[in-house]
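Text of the file input.txt, holding compact mmCIF, C-alpha atoms and all ligand atoms:
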# COMPACT_ATOMS: atom_id res chain seq x y z
CA MET J 1 -1.36 -40.84 26.15
CA THR J 2 -1.29 -44.62 25.89
CA ASP J 3 1.96 -46.54 26.01
CA ALA J 4 1.69 -47.34 22.32
CA GLN J 5 1.42 -43.65 21.48
CA THR J 6 4.33 -42.80 23.72
CA ASP J 7 6.44 -45.47 22.08
CA GLN J 8 5.55 -44.35 18.61
CA ARG J 9 6.40 -40.79 19.45
CA VAL J 10 9.80 -41.73 20.78
CA LEU J 11 10.58 -44.25 18.05
CA GLY J 12 9.22 -42.29 15.11
CA ALA J 13 10.23 -38.85 16.29
CA THR J 14 12.95 -36.85 14.65
CA PRO J 15 15.13 -35.07 17.23
CA ALA J 16 13.29 -31.84 16.40
CA ALA J 17 9.85 -33.31 16.96
CA ALA J 18 11.03 -34.69 20.26
CA ALA J 19 12.02 -31.16 21.29
CA GLY J 20 8.41 -30.01 21.56
CA PRO J 21 5.00 -30.17 19.94
CA GLU J 22 4.55 -28.96 16.38
CA HIS J 23 1.01 -27.91 17.16
CA VAL J 24 0.04 -26.65 20.58
CA THR J 25 -2.24 -28.87 22.59
CA GLU J 26 -2.90 -26.47 25.48
CA PRO J 27 -4.93 -23.25 25.14
CA THR J 28 -3.20 -19.93 25.84
CA ALA J 29 -4.90 -16.87 27.36
CA TYR J 30 -3.52 -14.18 25.04
CA ASP J 31 -3.91 -10.53 26.06
CA ALA J 32 -3.51 -8.98 22.62
CA ILE J 33 -2.65 -9.49 18.95
CA LEU J 34 0.64 -8.15 17.62
CA LEU J 35 0.26 -7.22 13.94
CA ALA J 36 3.85 -7.33 12.67
CA GLY J 37 4.46 -5.48 9.41
CA PHE J 38 7.45 -4.84 7.16
CA GLY J 39 7.24 -1.05 7.41
CA GLY J 40 7.88 1.51 4.69
CA PRO J 41 8.87 5.17 4.25
CA GLU J 42 6.22 7.87 4.59
CA GLY J 43 8.03 10.76 2.88
CA GLN J 44 11.14 11.57 0.80
CA ASP J 45 13.33 12.05 3.90
CA ASP J 46 12.51 8.56 5.12
CA VAL J 47 13.58 6.73 1.96
CA ILE J 48 17.32 6.33 2.54
CA PRO J 49 17.16 5.65 6.31
CA PHE J 50 14.45 3.04 5.61
CA LEU J 51 16.56 1.34 2.94
CA ARG J 52 19.53 1.30 5.33
CA ASN J 53 17.35 -0.36 7.97
CA VAL J 54 16.27 -3.07 5.54
CA THR J 55 19.66 -3.83 4.04
CA ARG J 56 22.05 -3.44 6.99
CA GLY J 57 24.70 -6.18 6.75
CA ARG J 58 22.99 -7.80 3.75
CA GLY J 59 25.51 -7.14 0.96
CA ILE J 60 22.97 -5.43 -1.30
CA PRO J 61 24.86 -3.46 -4.01
CA GLU J 62 24.69 0.35 -3.83
CA GLU J 63 23.25 0.51 -7.41
CA ARG J 64 20.33 -1.64 -6.32
CA LEU J 65 19.61 0.71 -3.40
CA GLU J 66 19.61 3.71 -5.73
CA GLU J 67 17.26 1.92 -8.08
CA VAL J 68 14.85 1.01 -5.28
CA ALA J 69 15.05 4.53 -3.83
CA HIS J 70 13.87 5.74 -7.23
CA HIS J 71 10.77 3.48 -7.01
CA TYR J 72 9.83 5.10 -3.69
CA ARG J 73 10.71 8.62 -4.91
CA HIS J 74 8.35 8.12 -7.85
CA PHE J 75 5.51 7.80 -5.31
CA GLY J 76 6.57 10.87 -3.30
CA GLY J 77 8.80 8.81 -0.99
CA VAL J 78 5.71 7.10 0.41
CA SER J 79 5.19 3.36 0.47
CA PRO J 80 1.53 2.37 0.57
CA ILE J 81 2.36 -0.42 3.03
CA ASN J 82 1.79 1.49 6.27
CA ASP J 83 -1.67 2.69 5.27
CA GLN J 84 -2.48 -0.85 4.17
CA ASN J 85 -1.50 -2.12 7.62
CA ARG J 86 -3.54 0.64 9.29
CA GLU J 87 -6.51 -0.53 7.23
CA LEU J 88 -5.85 -4.17 8.07
CA LYS J 89 -5.63 -3.31 11.78
CA ALA J 90 -8.98 -1.49 11.60
CA ALA J 91 -10.54 -4.38 9.69
CA LEU J 92 -9.27 -6.90 12.27
CA GLU J 93 -10.64 -4.74 15.09
CA ALA J 94 -14.04 -4.59 13.40
CA GLU J 95 -14.09 -8.36 12.84
CA LEU J 96 -13.06 -9.04 16.46
CA ALA J 97 -15.71 -6.63 17.77
CA GLU J 98 -18.40 -8.22 15.62
CA ARG J 99 -17.50 -11.66 16.93
CA GLY J 100 -17.39 -10.41 20.53
CA ILE J 101 -13.69 -11.25 20.98
CA ASP J 102 -11.88 -9.03 23.44
CA LEU J 103 -8.37 -8.91 21.97
CA PRO J 104 -6.79 -5.50 21.28
CA VAL J 105 -4.58 -5.22 18.17
CA LEU J 106 -1.14 -3.63 18.52
CA TRP J 107 0.78 -2.78 15.34
CA GLY J 108 4.56 -2.65 14.96
CA ASN J 109 6.94 -2.90 12.00
CA ARG J 110 10.31 -4.54 11.42
CA ASN J 111 11.85 -1.67 9.43
CA TRP J 112 10.00 1.58 10.09
CA ASP J 113 7.97 3.58 12.53
CA PRO J 114 5.91 2.41 14.41
CA TYR J 115 8.54 -0.19 15.28
CA LEU J 116 7.97 -3.53 17.00
CA ALA J 117 9.67 -2.08 20.09
CA ASP J 118 7.03 0.70 20.22
CA ALA J 119 4.27 -1.90 20.15
CA LEU J 120 5.96 -3.85 22.96
CA ARG J 121 6.26 -0.73 25.12
CA GLU J 122 2.57 -0.11 24.57
CA ALA J 123 1.81 -3.73 25.48
CA ASP J 124 3.75 -3.33 28.72
CA GLU J 125 2.01 -0.05 29.60
CA ARG J 126 -1.33 -1.75 29.11
CA GLY J 127 -0.29 -4.71 31.27
CA PHE J 128 -0.23 -7.29 28.46
CA THR J 129 2.16 -10.21 28.90
CA LYS J 130 1.03 -12.75 26.30
CA LEU J 131 0.93 -11.67 22.67
CA ILE J 132 -0.05 -13.64 19.61
CA ALA J 133 1.67 -12.25 16.52
CA ILE J 134 0.35 -12.16 12.98
CA ALA J 135 3.18 -11.34 10.56
CA THR J 136 2.08 -9.96 7.20
CA SER J 137 3.85 -12.80 5.46
CA ALA J 138 2.36 -16.16 4.48
CA TYR J 139 5.23 -18.51 3.52
CA SER J 140 8.29 -20.09 5.14
CA SER J 141 11.77 -18.66 4.56
CA TYR J 142 14.31 -16.56 6.40
CA SER J 143 12.84 -13.29 5.08
CA SER J 144 9.22 -14.27 5.45
CA CYS J 145 9.31 -16.06 8.80
CA ARG J 146 12.50 -16.32 10.82
CA GLN J 147 13.47 -12.67 10.32
CA TYR J 148 10.20 -11.59 11.94
CA ARG J 149 10.94 -13.92 14.86
CA GLU J 150 14.48 -12.55 15.23
CA ASP J 151 13.13 -9.02 15.19
CA PHE J 152 10.64 -9.95 17.94
CA ALA J 153 13.57 -11.17 20.02
CA GLY J 154 15.54 -8.01 19.19
CA ALA J 155 12.64 -5.78 20.23
CA LEU J 156 12.18 -7.69 23.51
CA GLU J 157 15.87 -7.24 24.21
CA ALA J 158 15.93 -3.54 23.25
CA THR J 159 12.95 -2.72 25.48
CA GLY J 160 14.16 -4.81 28.41
CA LEU J 161 10.88 -6.73 28.24
CA ASP J 162 12.48 -10.10 27.56
CA GLY J 163 11.16 -12.53 30.18
CA ARG J 164 8.18 -10.29 30.89
CA ILE J 165 6.35 -10.49 27.57
CA GLN J 166 5.81 -13.72 25.67
CA ILE J 167 5.38 -13.52 21.90
CA ASP J 168 3.92 -16.47 20.00
CA LYS J 169 3.14 -16.38 16.28
CA VAL J 170 0.30 -17.91 14.28
CA ARG J 171 1.30 -20.59 11.77
CA GLN J 172 2.44 -19.68 8.26
CA PHE J 173 -0.90 -19.29 6.48
CA PHE J 174 0.00 -19.83 2.78
CA ASP J 175 -2.64 -22.54 2.43
CA HIS J 176 -5.29 -21.14 4.77
CA PRO J 177 -8.57 -20.55 2.90
CA GLY J 178 -8.65 -16.93 4.09
CA PHE J 179 -5.44 -16.25 2.18
CA VAL J 180 -6.11 -18.49 -0.82
CA GLU J 181 -9.76 -17.67 -1.61
CA PRO J 182 -9.16 -14.03 -2.60
CA PHE J 183 -6.63 -15.26 -5.19
CA ILE J 184 -9.08 -17.82 -6.58
CA GLU J 185 -11.73 -15.11 -6.95
CA GLY J 186 -9.14 -12.79 -8.51
CA VAL J 187 -8.01 -15.32 -11.12
CA LYS J 188 -11.62 -16.12 -12.09
CA ASN J 189 -12.38 -12.41 -12.51
CA ALA J 190 -9.16 -11.79 -14.45
CA ILE J 191 -9.91 -14.53 -16.98
CA GLY J 192 -13.41 -13.09 -17.43
CA GLU J 193 -11.87 -9.65 -17.97
CA LEU J 194 -9.49 -11.02 -20.61
CA GLN J 195 -12.38 -12.68 -22.43
CA GLN J 196 -14.14 -9.29 -22.57
CA LYS J 197 -11.01 -7.52 -23.78
CA LEU J 198 -10.11 -10.19 -26.33
CA PRO J 199 -13.37 -11.72 -27.59
CA GLY J 200 -12.83 -15.24 -28.90
CA ILE J 201 -9.60 -15.84 -26.94
CA ASP J 202 -9.15 -19.46 -25.89
CA PRO J 203 -7.87 -19.48 -22.29
CA ALA J 204 -6.75 -23.10 -22.59
CA THR J 205 -4.21 -22.33 -25.31
CA GLU J 206 -3.78 -18.54 -25.36
CA VAL J 207 -3.72 -17.47 -21.69
CA ARG J 208 -0.97 -18.17 -19.16
CA ILE J 209 -1.26 -17.62 -15.40
CA LEU J 210 1.95 -16.29 -13.85
CA PHE J 211 2.06 -16.82 -10.10
CA SER J 212 4.65 -14.35 -8.88
CA THR J 213 6.52 -14.19 -5.61
CA HIS J 214 9.58 -12.50 -4.13
CA SER J 215 12.82 -14.06 -5.24
CA ILE J 216 15.15 -14.97 -2.39
CA PRO J 217 18.76 -16.20 -2.34
CA SER J 218 18.88 -19.88 -3.36
CA THR J 219 20.75 -20.71 -0.14
CA ASP J 220 17.86 -19.24 1.92
CA ALA J 221 15.32 -21.16 -0.17
CA ALA J 222 17.14 -24.45 0.35
CA LYS J 223 17.03 -23.90 4.12
CA SER J 224 13.44 -22.69 4.28
CA GLY J 225 11.09 -24.66 6.50
CA PRO J 226 12.05 -27.12 9.21
CA ALA J 227 15.56 -28.51 8.94
CA GLU J 228 14.40 -32.12 9.22
CA ARG J 229 11.94 -32.01 6.31
CA GLY J 230 13.55 -32.19 2.89
CA PHE J 231 11.79 -30.20 0.19
CA GLY J 232 14.51 -30.24 -2.45
CA GLU J 233 16.39 -27.27 -3.85
CA GLY J 234 13.72 -24.57 -3.47
CA GLY J 235 12.95 -25.75 0.07
CA ALA J 236 9.58 -25.26 1.75
CA TYR J 237 9.37 -21.77 0.19
CA ALA J 238 9.09 -23.03 -3.40
CA ALA J 239 7.11 -26.13 -2.39
CA GLN J 240 4.47 -24.04 -0.61
CA HIS J 241 4.09 -21.64 -3.53
CA LEU J 242 3.81 -24.51 -6.03
CA ALA J 243 1.18 -26.23 -3.91
CA VAL J 244 -0.92 -23.07 -3.52
CA ALA J 245 -0.59 -22.20 -7.22
CA GLU J 246 -1.89 -25.66 -8.10
CA VAL J 247 -4.90 -25.21 -5.79
CA VAL J 248 -5.71 -21.72 -7.14
CA SER J 249 -5.33 -22.80 -10.77
CA HIS J 250 -7.56 -25.79 -10.21
CA ALA J 251 -10.26 -23.92 -8.30
CA ALA J 252 -10.31 -20.98 -10.72
CA THR J 253 -9.98 -22.76 -14.08
CA GLY J 254 -10.42 -26.49 -13.42
CA GLY J 255 -6.75 -26.79 -14.31
CA THR J 256 -7.45 -25.91 -17.94
CA VAL J 257 -5.15 -22.88 -18.11
CA GLY J 258 -1.37 -23.33 -18.07
CA TRP J 259 0.65 -21.63 -15.34
CA ASP J 260 4.17 -21.01 -14.05
CA LEU J 261 5.65 -20.01 -10.72
CA VAL J 262 7.90 -17.00 -11.38
CA TYR J 263 10.00 -14.70 -9.22
CA GLN J 264 10.40 -10.94 -8.92
CA SER J 265 12.27 -8.19 -7.07
CA ARG J 266 15.66 -9.92 -7.03
CA SER J 267 18.17 -7.70 -5.29
CA GLY J 268 21.48 -9.40 -4.42
CA PRO J 269 24.72 -9.10 -6.40
CA PRO J 270 24.65 -10.93 -9.75
CA SER J 271 27.26 -13.38 -8.45
CA MET J 272 24.79 -14.72 -5.86
CA PRO J 273 22.17 -17.19 -7.13
CA TRP J 274 18.55 -16.20 -6.40
CA LEU J 275 15.40 -18.12 -7.32
CA GLU J 276 14.44 -17.99 -11.01
CA PRO J 277 12.89 -17.53 -13.55
CA ASP J 278 12.35 -13.81 -13.26
CA ILE J 279 8.81 -12.85 -14.27
CA ASN J 280 10.03 -10.59 -17.07
CA ASP J 281 12.19 -13.32 -18.62
CA ARG J 282 9.27 -15.73 -18.57
CA ILE J 283 6.90 -13.18 -20.14
CA ALA J 284 9.33 -12.74 -23.03
CA GLU J 285 9.18 -16.49 -23.79
CA LEU J 286 5.38 -16.67 -23.96
CA PRO J 287 4.54 -15.24 -27.42
CA ALA J 288 6.53 -18.06 -29.04
CA LEU J 289 4.19 -20.51 -27.26
CA GLY J 290 1.12 -18.91 -28.82
CA ILE J 291 0.17 -17.03 -25.66
CA LYS J 292 -1.76 -13.77 -26.17
CA ALA J 293 -2.59 -12.75 -22.59
CA VAL J 294 -1.29 -13.24 -19.06
CA VAL J 295 -2.91 -13.22 -15.64
CA ILE J 296 -0.36 -11.96 -13.13
CA VAL J 297 -1.03 -13.26 -9.61
CA PRO J 298 1.01 -11.71 -6.73
CA LEU J 299 0.80 -15.00 -4.85
CA GLY J 300 3.67 -14.19 -2.47
CA PHE J 301 2.21 -10.97 -1.09
CA VAL J 302 -0.58 -9.96 1.25
CA SER J 303 -1.08 -6.35 0.12
CA ASP J 304 -0.51 -4.11 -2.91
CA HIS J 305 2.74 -2.63 -1.58
CA MET J 306 5.71 -1.32 -3.50
CA GLU J 307 6.91 -4.66 -4.89
CA VAL J 308 3.45 -5.10 -6.42
CA LEU J 309 2.97 -1.51 -7.61
CA TRP J 310 6.40 -1.14 -9.12
CA ASP J 311 7.71 -4.57 -10.06
CA LEU J 312 4.36 -5.89 -11.32
CA ASP J 313 2.10 -2.96 -12.26
CA ASN J 314 4.95 -1.03 -13.78
CA GLU J 315 7.72 -3.36 -14.93
CA ALA J 316 5.90 -6.62 -15.68
CA MET J 317 3.08 -4.67 -17.37
CA GLU J 318 5.60 -2.90 -19.57
CA THR J 319 7.31 -6.19 -20.44
CA SER J 320 3.93 -7.69 -21.35
CA ASP J 321 3.19 -4.70 -23.53
CA GLU J 322 6.57 -4.92 -25.29
CA ASN J 323 5.85 -8.57 -26.03
CA GLY J 324 2.39 -7.87 -27.40
CA LEU J 325 0.61 -9.56 -24.49
CA VAL J 326 -2.49 -8.26 -22.74
CA ALA J 327 -1.97 -8.48 -18.98
CA VAL J 328 -4.30 -8.33 -15.99
CA ARG J 329 -2.96 -8.19 -12.44
CA VAL J 330 -4.99 -9.90 -9.71
CA PRO J 331 -5.43 -8.07 -6.35
CA THR J 332 -3.63 -9.23 -3.19
CA PRO J 333 -5.77 -10.29 -0.17
CA GLY J 334 -5.47 -6.74 1.33
CA THR J 335 -8.54 -6.35 3.54
CA HIS J 336 -10.68 -8.91 1.69
CA ALA J 337 -13.37 -10.14 4.13
CA ALA J 338 -12.24 -13.77 3.79
CA TYR J 339 -8.65 -12.83 4.61
CA VAL J 340 -9.56 -10.74 7.65
CA LYS J 341 -11.85 -13.49 8.94
CA GLY J 342 -9.11 -16.06 8.27
CA LEU J 343 -6.54 -14.14 10.31
CA VAL J 344 -8.94 -13.96 13.26
CA ASP J 345 -9.63 -17.70 12.87
CA LEU J 346 -5.86 -18.35 12.97
CA VAL J 347 -5.58 -16.46 16.27
CA LEU J 348 -8.52 -18.35 17.80
CA GLU J 349 -7.21 -21.70 16.53
CA ARG J 350 -3.96 -21.07 18.35
CA ARG J 351 -5.56 -19.56 21.49
CA ASP J 352 -7.93 -22.52 21.83
CA ALA J 353 -5.43 -25.20 20.72
CA VAL J 354 -7.81 -26.53 18.07
CA PRO J 355 -6.87 -30.13 17.15
CA VAL J 356 -4.83 -30.36 13.97
CA ASP J 357 -7.42 -32.39 12.09
CA GLN J 358 -9.94 -29.56 12.56
CA ARG J 359 -7.68 -26.85 11.17
CA PRO J 360 -8.35 -25.66 7.62
CA ALA J 361 -5.55 -26.15 5.09
CA MET J 362 -5.96 -26.29 1.31
CA THR J 363 -2.71 -28.13 0.47
CA SER J 364 -1.28 -31.38 1.75
CA LEU J 365 1.68 -29.45 3.25
CA GLY J 366 -0.43 -27.84 5.95
CA PRO J 367 -1.71 -27.02 8.47
CA TRP J 368 1.79 -25.65 9.07
CA TYR J 369 3.61 -25.80 12.43
CA ASP J 370 2.50 -23.53 15.28
CA VAL J 371 5.97 -23.64 16.77
CA CYS J 372 8.92 -23.21 14.41
CA ARG J 373 11.26 -26.17 14.60
CA PRO J 374 14.92 -25.91 15.63
CA GLY J 375 16.96 -24.60 12.71
CA CYS J 376 13.84 -23.61 10.78
CA CYS J 377 14.42 -21.06 7.97
CA GLU J 378 18.13 -20.68 8.55
CA ASN J 379 20.07 -17.91 6.85
CA VAL J 380 23.44 -19.53 6.17
CA ARG J 381 25.18 -16.21 5.49
CA LEU J 382 24.07 -14.60 8.76
CA GLY J 383 23.96 -17.61 11.10
CA PHE J 384 21.45 -18.02 13.91
CA LYS J 385 20.42 -15.01 15.97
CA PRO J 386 18.09 -15.29 18.97
CA ALA J 387 14.51 -15.71 17.78
CA ALA J 388 11.18 -15.65 19.62
CA ALA J 389 8.14 -17.82 18.83
CA GLY J 390 9.92 -21.08 18.12
CA LEU J 391 12.40 -23.62 19.37
CA ALA J 392 16.11 -22.72 19.58
CA PRO J 393 18.22 -22.16 17.65
C1 LIG J 401 10.46 -12.99 0.81
C2 LIG J 401 10.33 -11.48 0.87
C3 LIG J 401 9.17 -10.75 1.04
C4 LIG J 401 7.76 -11.30 1.19
C5 LIG J 401 7.47 -11.60 2.64
C6 LIG J 401 7.16 -10.37 3.47
O1 LIG J 401 6.30 -9.59 3.06
O2 LIG J 401 7.78 -10.20 4.52
C7 LIG J 401 9.54 -9.36 1.05
C8 LIG J 401 8.64 -8.32 1.25
C9 LIG J 401 8.94 -6.94 1.19
N1 LIG J 401 10.12 -6.39 0.85
C10 LIG J 401 9.98 -5.02 0.92
C11 LIG J 401 11.00 -4.09 0.66
C12 LIG J 401 12.34 -4.41 0.47
N2 LIG J 401 12.91 -5.67 0.47
C13 LIG J 401 14.27 -5.57 0.26
C14 LIG J 401 15.18 -6.60 0.21
C15 LIG J 401 14.90 -7.98 0.30
N3 LIG J 401 13.66 -8.56 0.39
C16 LIG J 401 13.80 -9.94 0.47
C17 LIG J 401 12.76 -10.88 0.57
C18 LIG J 401 11.42 -10.55 0.77
N4 LIG J 401 10.89 -9.28 0.88
C19 LIG J 401 15.21 -10.22 0.44
C20 LIG J 401 15.80 -11.61 0.53
C21 LIG J 401 15.88 -9.02 0.33
C22 LIG J 401 17.38 -8.80 0.27
C23 LIG J 401 17.88 -8.23 1.57
C24 LIG J 401 17.77 -9.26 2.70
O3 LIG J 401 18.46 -10.26 2.65
O4 LIG J 401 16.98 -8.98 3.63
C25 LIG J 401 14.59 -4.17 0.14
C26 LIG J 401 15.98 -3.60 -0.06
C27 LIG J 401 16.16 -3.11 -1.44
C28 LIG J 401 16.09 -4.29 -2.39
O5 LIG J 401 17.07 -5.02 -2.38
O6 LIG J 401 15.09 -4.45 -3.08
C29 LIG J 401 13.38 -3.46 0.26
C30 LIG J 401 13.19 -1.97 0.17
C31 LIG J 401 8.65 -4.71 1.33
C32 LIG J 401 8.08 -3.31 1.55
C33 LIG J 401 7.41 -2.80 0.31
C34 LIG J 401 6.90 -1.41 0.48
O7 LIG J 401 7.60 -0.54 1.01
O8 LIG J 401 5.75 -1.16 0.09
C35 LIG J 401 7.99 -5.91 1.49
C36 LIG J 401 6.58 -6.12 1.93
FE FE J 402 11.85 -7.51 0.42

Show the structure stored in the file as structure tokens.
Amino acid sequence: MTDAQTDQRVLGATPAAAAGPEHVTEPTAYDAILLAGFGGPEGQDDVIPFLRNVTRGRGIPEERLEEVAHHYRHFGGVSPINDQNRELKAALEAELAERGIDLPVLWGNRNWDPYLADALREADERGFTKLIAIATSAYSSYSSCRQYREDFAGALEATGLDGRIQIDKVRQFFDHPGFVEPFIEGVKNAIGELQQKLPGIDPATEVRILFSTHSIPSTDAAKSGPAERGFGEGGAYAAQHLAVAEVVSHAATGGTVGWDLVYQSRSGPPSMPWLEPDINDRIAELPALGIKAVVIVPLGFVSDHMEVLWDLDNEAMETSDENGLVAVRVPTPGTHAAYVKGLVDLVLERRDAVPVDQRPAMTSLGPWYDVCRPGCCENVRLGFKPAAAGLAP
């Protein structure tokens, strides 16, 4: 580093940036990939214990738990999420093998068996000490980033492997082409499908694209992303979704079709503000605007799990129907070849410390940080707990 660069870094640096690099500049010899999932029940007896795991200490009303239990019960008490992660693991292994990359994939969940702690015990038995985690979550917020990091720290503590195993995490990948391209393809296909179903429909005036993501408490949203970067009320969480929605809309329709960012799956008590508008409320407003059909894009999710199957395919479809709208739901990335390839690219980018200007990012917000900044994605209600894969607190 020249003196000028050193000076600039010191003078221009926020305290957080001074605490360590945002993007790694040294390669790391990882031993294995840790695929970190949410977890879900696999039978009726698992439903309540799973829901208790997810909501412990979170102030989620009992009525909401009963309602969500009913969603799982409807599908035999089985969430599709674990099978989807088994398929993703197999697809990653096939992609790694094809590219001649010797990195085993270990899978562990935050909220259900196999747990993160199980994956860490397996790592230890196999002599692995450096893991690179891929969480099945693309955006920045407490629930979608920091909570995974806290659960890594909790699992290290619970297994006594803290200090012996290092867990790093690939950057939030909301604007990585591997995540974004399947949505672009999906929106293009969905508009074609609507034109078949409703011959003569004018997408520019009669179709609306609804980009849907998980609602989160407004206080969490405001604190999402690095503490030193102001993103306004919705924080990095809303800013990232808006930026990706803009890219998808432009690539799929040339920006000719109107769109909204909407939220789903709100769960806190009514007294607590969560991000809005709810997808169902927005759908109900559309007929008055001359809209005849909607494209529902599960932009906040990586697979067709319960929030997608119930809250979109069931509820939002029904609301569309009640409002006389034809609706098509776009697939999530799932095991789309571009997504699987993209996740492997993210691991290699981090392993090899690829320079920032050579990292793919489809919005001006990225490529996102490798190392979460101090205070990143705070949960004001819960305070800071120890978290791996980032700078303290
Ligand atoms: C941002 C976000 C994502 C996307 C990022 C990511 O994917 O990580 C996500 C994903 C998921 N959420 C899921 C399930 C649940 N989430 C709940 C509760 C909550 N989610 C929240 C946020 C998010 N959640 C929040 C702020 C709460 C309130 C409690 C708290 O403050 O933590 C509850 C409790 C009942 C309820 O309140 O709904 C359940 C059962 C499943 C599994 C689905 C399946 O089984 O197929 C998945 C993938
Ligand atoms: Fe959730």

Quick one: residues within 8 Å of (0.6, -25.3, 12.1) (file frame), counting all atoms listed in the file, please, as a count of residues only. 12

Test item: residues lying within 8 Å of ligand LIG 401 (chain J) with all atoms listed in the file, as a ChimeraX atom specification: /J:37-41,50-51,54-55,58-60,64-65,68-69,72,78-82,135-139,141-145,148,213-217,265-268,300-308

Looking at J:Ala119, J:Val295, J:Ala97, J:Ala155, which one is nearest to Ile191 of chain J, with distances taken over all atoms listed in the file?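 Among J:Ala119, J:Val295, J:Ala97, J:Ala155, it is J:Val295 that comes nearest to Ile191 of chain J.
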
Nearest to ligand FE 402 (chain J), restricted to all atoms listed in the file and choosing among J:Asp46, J:Ala243, J:Asn53, J:Leu365, comes out as J:Asn53

Expressed in Å to a single decimal, how great is the separation between atom CA of Thr159 of chain J and atom CA of Leu103 of chain J? 22.5 Å

Proximity to ligand FE 402 (chain J) - best of J:Ser271, J:Thr219, J:Gln264, J:Asn85, all atoms listed in the file: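 Answer, going by the shortest atom-to-atom distance: J:Gln264.
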
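Comparing J:Phe179, J:Glu378, J:Thr25, J:Arg110 by their smallest distance to ligand FE 402 (chain J), the closest is J:Arg110 (using all atoms listed in the file).
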